[in-house]
Amino acid sequence: MGKRTEYIRAKKRRKKPLKIFLWMLATVFLAVGIYFVYVYDQVKDTVREDIHEKVESISNDSSEKKASEGQETLNILLMGVDERENDTGRADTLILMSLNPNTDSLQMVSIPRDTYVPIVGYGKQDKINHSYVYGGADMTVATVENFLDVELDYYVKINMQGLSDLVDAVGGITVDNPIEWVDNGKAYIKGYHYKKGEITLNGPEALGYARMRKQDPNGDAGRNLRQRLVIEAIIDKGASVGSVTKIDDILEVMGDNVSTNMTFNEMKDIFRNYRNTRKNITNYQIKGDGQFIGPIWYLMVSDEEQQKVHDMIKDFNSDS
């Protein structure tokens with residue numbers, strides 16, 4: 001009896017660490033599960049209450065079907081608006097982003113802010129960035145669709161002041177900077193050195209990087225390129241698994257600075273079906289000639305250039 005009792009006790013001692021380990025493992029999985037449920041609810045509430053904003057120019061029925069099935073290209077207009085206190089702001093950054101799930105590729109077309117176009121719903125021609133002043137996101141979406149003769153599925157508007165917070169929320173970004181300059185204090189901090197090549201930027205540095213224009217030999221075109229680089233870096237960083245741990249910070253920034261016609265379910269579908277498109281990114285900058293009309297400078301885009309860009313987007317959409 002004594003030996004058998006000792007054997008049973010020894011067996012229980014061996015089982016005890018295993019039981020503790022299993023309980024610890026179960027606790028970890030439970031905690032992770034609860035956290036992801038919390039994240040899910042937080043995202044859902046943020047999208048529903050804070051950032052969802054429909055526009056009349058886009059019918060979401062067809063877009064929702066496309067996002068859900070993940071077989072067709074989505075056209076999304078990114079709008080960077082410099083909104084400040086007592087100032088509606090202008091859509092100074094306009095990028096038409098096409099996501100093709102069949103080729104796992106993404107195309108970004110920058111529309112210069114000074115482009116001279118008919119403003120849909122306003123009845124006059126003006127700089128395309130003024131469309132936001134006259135009629136908000138809805139008028140800007142309609143104007144871009146008319147200008148390039150394309151149908152948009154979604155728009156995402158971000159306040160450029162919030163770009164800094166968004167970059168910090170994802171833990172900073174890395175870009176391959178095409179030019180070198182020392183800031184003159186108008187975009188970021190006077191004397192700050194933006195080196196050529198791969199550089200890592202925090203929020204305020206990234207905002208200065210995206211804003212600088214007059215020190216760039218390519219002017220607006222150069223700034224648009226750097227803005228696309230920042231967007232690429234944010235998309236790439238935001239799509240990484242590590243960003244899940246920063247979800248609270250990202251949601252707070254989104255709630256304060258972002259609006260879109262995407263629903264929560266559409267966001268999930270786009271993430272699931274289109275996230276690999278970031279692997280192959282191409283860029284294009286719409287070209288034109290500067291011209292003064294009275295005292296105001298505009299960028300005049302030829303009919304040939306408009307047709308070229310329209311065909312580029314159409315071909316990208318139909319590529320399989």
# chains A, B, ... in the order shown; residues from 1 in each chain; ligands from 1
call {"tool": "select_by_dssp", "arguments": {"residues": "stretch 163-280 of chain A", "states": "helix (DSSP H, G or I)", "output": "number ranges by chain"}}
result
A: 163-169, 203-211, 219-238, 241-257, 264-279
call {"tool": "closest_atom_pairs", "arguments": {"of": "stretch 98-138 of chain A", "to": "stretch 203-220 of chain A", "cutoff": "10 Å", "atoms": "only C-alpha atoms", "output": "CSV"}}
result
residue,atom,partner,partner_atom,distance
A:Pro112,CA,A:Asp220,CA,7.1
A:Arg113,CA,A:Asp220,CA,8.4
A:Asp114,CA,A:Asp220,CA,9.1
call {"tool": "residues_around", "arguments": {"residues": "stretch 74-80 of chain A", "least_positions_apart": "2", "cutoff": "7 Å", "atoms": "only C-alpha atoms", "output": "compact mmCIF listing (two decimals) with N, CA and C atoms, in the first residue's frame"}}
result
# COMPACT_ATOMS: atom_id res chain seq x y z
N GLU A 72 -13.94 42.00 -58.91
CA GLU A 72 -13.80 43.15 -59.78
C GLU A 72 -12.95 44.24 -59.11
N ASP A 82 -7.30 69.90 -45.90
CA ASP A 82 -6.63 70.64 -44.82
C ASP A 82 -7.66 71.50 -44.10
N ALA A 91 -9.76 70.32 -50.97
CA ALA A 91 -9.26 68.96 -51.22
C ALA A 91 -7.94 69.04 -51.97
N ASP A 92 -6.87 69.37 -51.24
CA ASP A 92 -5.57 69.60 -51.85
C ASP A 92 -4.89 68.32 -52.32
N THR A 93 -5.29 67.18 -51.77
CA THR A 93 -4.75 65.90 -52.21
C THR A 93 -5.89 65.05 -52.76
N LEU A 94 -5.79 64.70 -54.04
CA LEU A 94 -6.80 63.86 -54.68
C LEU A 94 -6.08 62.72 -55.39
N ILE A 95 -6.31 61.52 -54.94
CA ILE A 95 -5.67 60.34 -55.54
C ILE A 95 -6.74 59.30 -55.83
N LEU A 96 -6.86 58.92 -57.10
CA LEU A 96 -7.79 57.86 -57.47
C LEU A 96 -7.04 56.53 -57.39
N MET A 97 -7.46 55.71 -56.47
CA MET A 97 -6.78 54.45 -56.19
C MET A 97 -7.63 53.29 -56.71
N SER A 98 -7.06 52.48 -57.61
CA SER A 98 -7.76 51.32 -58.17
C SER A 98 -7.12 50.05 -57.63
N LEU A 99 -7.96 49.14 -57.10
CA LEU A 99 -7.48 47.89 -56.51
C LEU A 99 -7.98 46.72 -57.35
N ASN A 100 -7.06 46.00 -57.99
CA ASN A 100 -7.41 44.88 -58.85
C ASN A 100 -7.07 43.57 -58.15
N LEU A 152 -16.80 55.84 -59.42
CA LEU A 152 -16.14 55.55 -58.15
C LEU A 152 -17.00 54.63 -57.30
N ASP A 153 -16.35 53.75 -56.57
CA ASP A 153 -17.07 52.86 -55.65
C ASP A 153 -17.08 53.43 -54.23
N TYR A 154 -15.98 54.05 -53.85
CA TYR A 154 -15.88 54.58 -52.49
C TYR A 154 -15.03 55.84 -52.49
N TYR A 155 -15.16 56.58 -51.41
CA TYR A 155 -14.23 57.68 -51.15
C TYR A 155 -13.78 57.57 -49.70
N VAL A 156 -12.58 58.06 -49.43
CA VAL A 156 -12.08 58.16 -48.06
C VAL A 156 -11.48 59.55 -47.91
N LYS A 157 -12.01 60.32 -46.99
CA LYS A 157 -11.50 61.66 -46.75
C LYS A 157 -10.77 61.69 -45.41
N ILE A 158 -9.56 62.25 -45.43
CA ILE A 158 -8.82 62.40 -44.18
C ILE A 158 -8.38 63.85 -44.04
N ASN A 159 -8.56 64.37 -42.86
CA ASN A 159 -8.06 65.70 -42.55
C ASN A 159 -6.54 65.61 -42.46
N MET A 160 -5.84 66.44 -43.24
CA MET A 160 -4.38 66.36 -43.28
C MET A 160 -3.76 66.62 -41.91
call {"tool": "select_by_dssp", "arguments": {"residues": "stretch 157-304 of chain A", "states": "strand (DSSP E)", "output": "VMD selection string"}}
result
chain A and resid 157 to 159 173 to 177 181 to 182 193 to 194 197 to 201 258 to 260 281 to 285 289 to 293 296 to 300
call {"tool": "write_last_selection", "arguments": {"atoms": "N, CA, C and O atoms", "output": "short mmCIF file (atom, residue, chain, number, x, y, z; two decimals), in the first residue's frame"}}
result
data_model
loop_
_atom_site.label_atom_id
_atom_site.label_comp_id
_atom_site.auth_asym_id
_atom_site.auth_seq_id
_atom_site.Cartn_x
_atom_site.Cartn_y
_atom_site.Cartn_z
N LYS A 157 -12.01 60.32 -46.99
CA LYS A 157 -11.50 61.66 -46.75
C LYS A 157 -10.77 61.69 -45.41
O LYS A 157 -11.28 61.20 -44.41
N ILE A 158 -9.56 62.25 -45.43
CA ILE A 158 -8.82 62.40 -44.18
C ILE A 158 -8.38 63.85 -44.04
O ILE A 158 -7.94 64.47 -45.01
N ASN A 159 -8.56 64.37 -42.86
CA ASN A 159 -8.06 65.70 -42.55
C ASN A 159 -6.54 65.61 -42.46
O ASN A 159 -5.99 64.82 -41.69
N ILE A 173 6.47 55.42 -40.09
CA ILE A 173 6.56 54.84 -41.44
C ILE A 173 7.98 55.00 -41.99
O ILE A 173 8.75 55.83 -41.51
N THR A 174 8.28 54.20 -43.00
CA THR A 174 9.56 54.30 -43.71
C THR A 174 9.28 54.54 -45.18
O THR A 174 8.46 53.84 -45.78
N VAL A 175 9.95 55.54 -45.77
CA VAL A 175 9.77 55.86 -47.19
C VAL A 175 11.13 55.95 -47.86
O VAL A 175 12.15 56.20 -47.21
N ASP A 176 11.14 55.76 -49.18
CA ASP A 176 12.36 55.94 -49.98
C ASP A 176 12.29 57.34 -50.58
O ASP A 176 11.67 57.55 -51.61
N ASN A 177 12.92 58.29 -49.92
CA ASN A 177 12.82 59.70 -50.29
C ASN A 177 13.62 60.00 -51.56
O ASN A 177 14.84 59.76 -51.60
N TRP A 181 16.38 67.70 -48.80
CA TRP A 181 16.19 69.12 -48.53
C TRP A 181 16.24 69.39 -47.03
O TRP A 181 16.07 68.48 -46.22
N VAL A 182 16.48 70.65 -46.73
CA VAL A 182 16.46 71.12 -45.34
C VAL A 182 15.24 72.00 -45.18
O VAL A 182 15.06 72.97 -45.92
N HIS A 193 16.55 68.15 -41.48
CA HIS A 193 17.16 67.59 -42.69
C HIS A 193 16.43 66.33 -43.15
O HIS A 193 16.46 65.31 -42.46
N TYR A 194 15.78 66.42 -44.31
CA TYR A 194 15.18 65.24 -44.93
C TYR A 194 16.21 64.66 -45.90
O TYR A 194 16.45 65.21 -46.98
N GLY A 197 16.97 58.95 -49.89
CA GLY A 197 17.05 57.52 -49.61
C GLY A 197 16.04 57.10 -48.56
O GLY A 197 15.09 57.82 -48.27
N GLU A 198 16.26 55.95 -47.99
CA GLU A 198 15.30 55.39 -47.02
C GLU A 198 15.37 56.15 -45.70
O GLU A 198 16.42 56.23 -45.07
N ILE A 199 14.23 56.71 -45.29
CA ILE A 199 14.16 57.44 -44.02
C ILE A 199 12.92 56.99 -43.25
O ILE A 199 11.91 56.61 -43.84
N THR A 200 13.02 57.05 -41.93
CA THR A 200 11.90 56.70 -41.06
C THR A 200 11.34 57.99 -40.47
O THR A 200 12.09 58.84 -40.00
N LEU A 201 10.01 58.10 -40.53
CA LEU A 201 9.35 59.34 -40.12
C LEU A 201 8.32 59.09 -39.04
O LEU A 201 7.56 58.12 -39.10
N VAL A 258 -11.38 61.03 -40.14
CA VAL A 258 -11.70 60.31 -41.37
C VAL A 258 -13.20 60.21 -41.58
O VAL A 258 -13.96 60.06 -40.63
N SER A 259 -13.63 60.31 -42.84
CA SER A 259 -15.01 60.00 -43.20
C SER A 259 -15.00 59.21 -44.50
O SER A 259 -14.12 59.39 -45.34
N THR A 260 -15.95 58.30 -44.66
CA THR A 260 -16.02 57.43 -45.82
C THR A 260 -17.44 56.91 -45.99
O THR A 260 -18.22 56.89 -45.03
N ILE A 281 2.37 48.11 -56.70
CA ILE A 281 1.80 49.45 -56.78
C ILE A 281 2.43 50.23 -57.93
O ILE A 281 3.66 50.26 -58.08
N THR A 282 1.58 50.85 -58.76
CA THR A 282 2.06 51.75 -59.82
C THR A 282 1.45 53.13 -59.58
O THR A 282 0.36 53.25 -59.03
N ASN A 283 2.18 54.16 -60.04
CA ASN A 283 1.76 55.54 -59.81
C ASN A 283 1.73 56.31 -61.11
O ASN A 283 2.53 56.06 -62.02
N TYR A 284 0.81 57.28 -61.18
CA TYR A 284 0.79 58.19 -62.32
C TYR A 284 0.34 59.56 -61.85
O TYR A 284 -0.58 59.68 -61.02
N GLN A 285 0.98 60.58 -62.39
CA GLN A 285 0.66 61.97 -62.09
C GLN A 285 0.06 62.61 -63.34
O GLN A 285 0.69 62.63 -64.39
N ASP A 289 -0.48 71.96 -68.48
CA ASP A 289 0.30 73.18 -68.65
C ASP A 289 -0.30 74.30 -67.81
O ASP A 289 -1.52 74.49 -67.78
N GLY A 290 0.59 75.05 -67.13
CA GLY A 290 0.13 76.16 -66.32
C GLY A 290 -0.32 77.34 -67.16
O GLY A 290 0.27 77.63 -68.21
N GLN A 291 -1.40 77.98 -66.69
CA GLN A 291 -1.92 79.13 -67.44
C GLN A 291 -2.62 80.08 -66.47
O GLN A 291 -3.35 79.64 -65.58
N PHE A 292 -2.40 81.37 -66.66
CA PHE A 292 -3.11 82.37 -65.86
C PHE A 292 -4.42 82.73 -66.55
O PHE A 292 -4.46 82.99 -67.76
N ILE A 293 -5.49 82.73 -65.76
CA ILE A 293 -6.77 83.28 -66.21
C ILE A 293 -7.04 84.44 -65.26
O ILE A 293 -7.40 84.24 -64.10
N ILE A 296 -5.19 84.50 -61.60
CA ILE A 296 -5.15 83.17 -60.97
C ILE A 296 -4.51 82.14 -61.89
O ILE A 296 -4.83 82.06 -63.08
N TRP A 297 -3.62 81.33 -61.30
CA TRP A 297 -2.90 80.30 -62.04
C TRP A 297 -3.68 78.99 -61.97
O TRP A 297 -4.11 78.56 -60.91
N TYR A 298 -3.83 78.34 -63.13
CA TYR A 298 -4.51 77.04 -63.20
C TYR A 298 -3.64 76.05 -63.96
O TYR A 298 -2.75 76.43 -64.73
N LEU A 299 -3.92 74.76 -63.75
CA LEU A 299 -3.30 73.72 -64.55
C LEU A 299 -4.31 73.27 -65.60
O LEU A 299 -5.38 72.75 -65.26
N MET A 300 -3.97 73.46 -66.86
CA MET A 300 -4.85 73.09 -67.95
C MET A 300 -4.47 71.70 -68.45
O MET A 300 -3.35 71.47 -68.93
#
call {"tool": "atom_distance", "arguments": {"atom1": "atom CA of A:Asp149", "atom2": "atom CA of A:Tyr134"}}
result
20.8 Å
call {"tool": "atom_distance", "arguments": {"atom1": "atom CA of A:Ser302", "atom2": "atom CA of A:Gln107"}}
result
21.5 Å
call {"tool": "closest_residue", "arguments": {"among": "A:Ser105, A:Gln227, A:Asn265, A:Thr277", "to": "A:Ser68", "atoms": "only C-alpha atoms"}}
result
A:Asn265
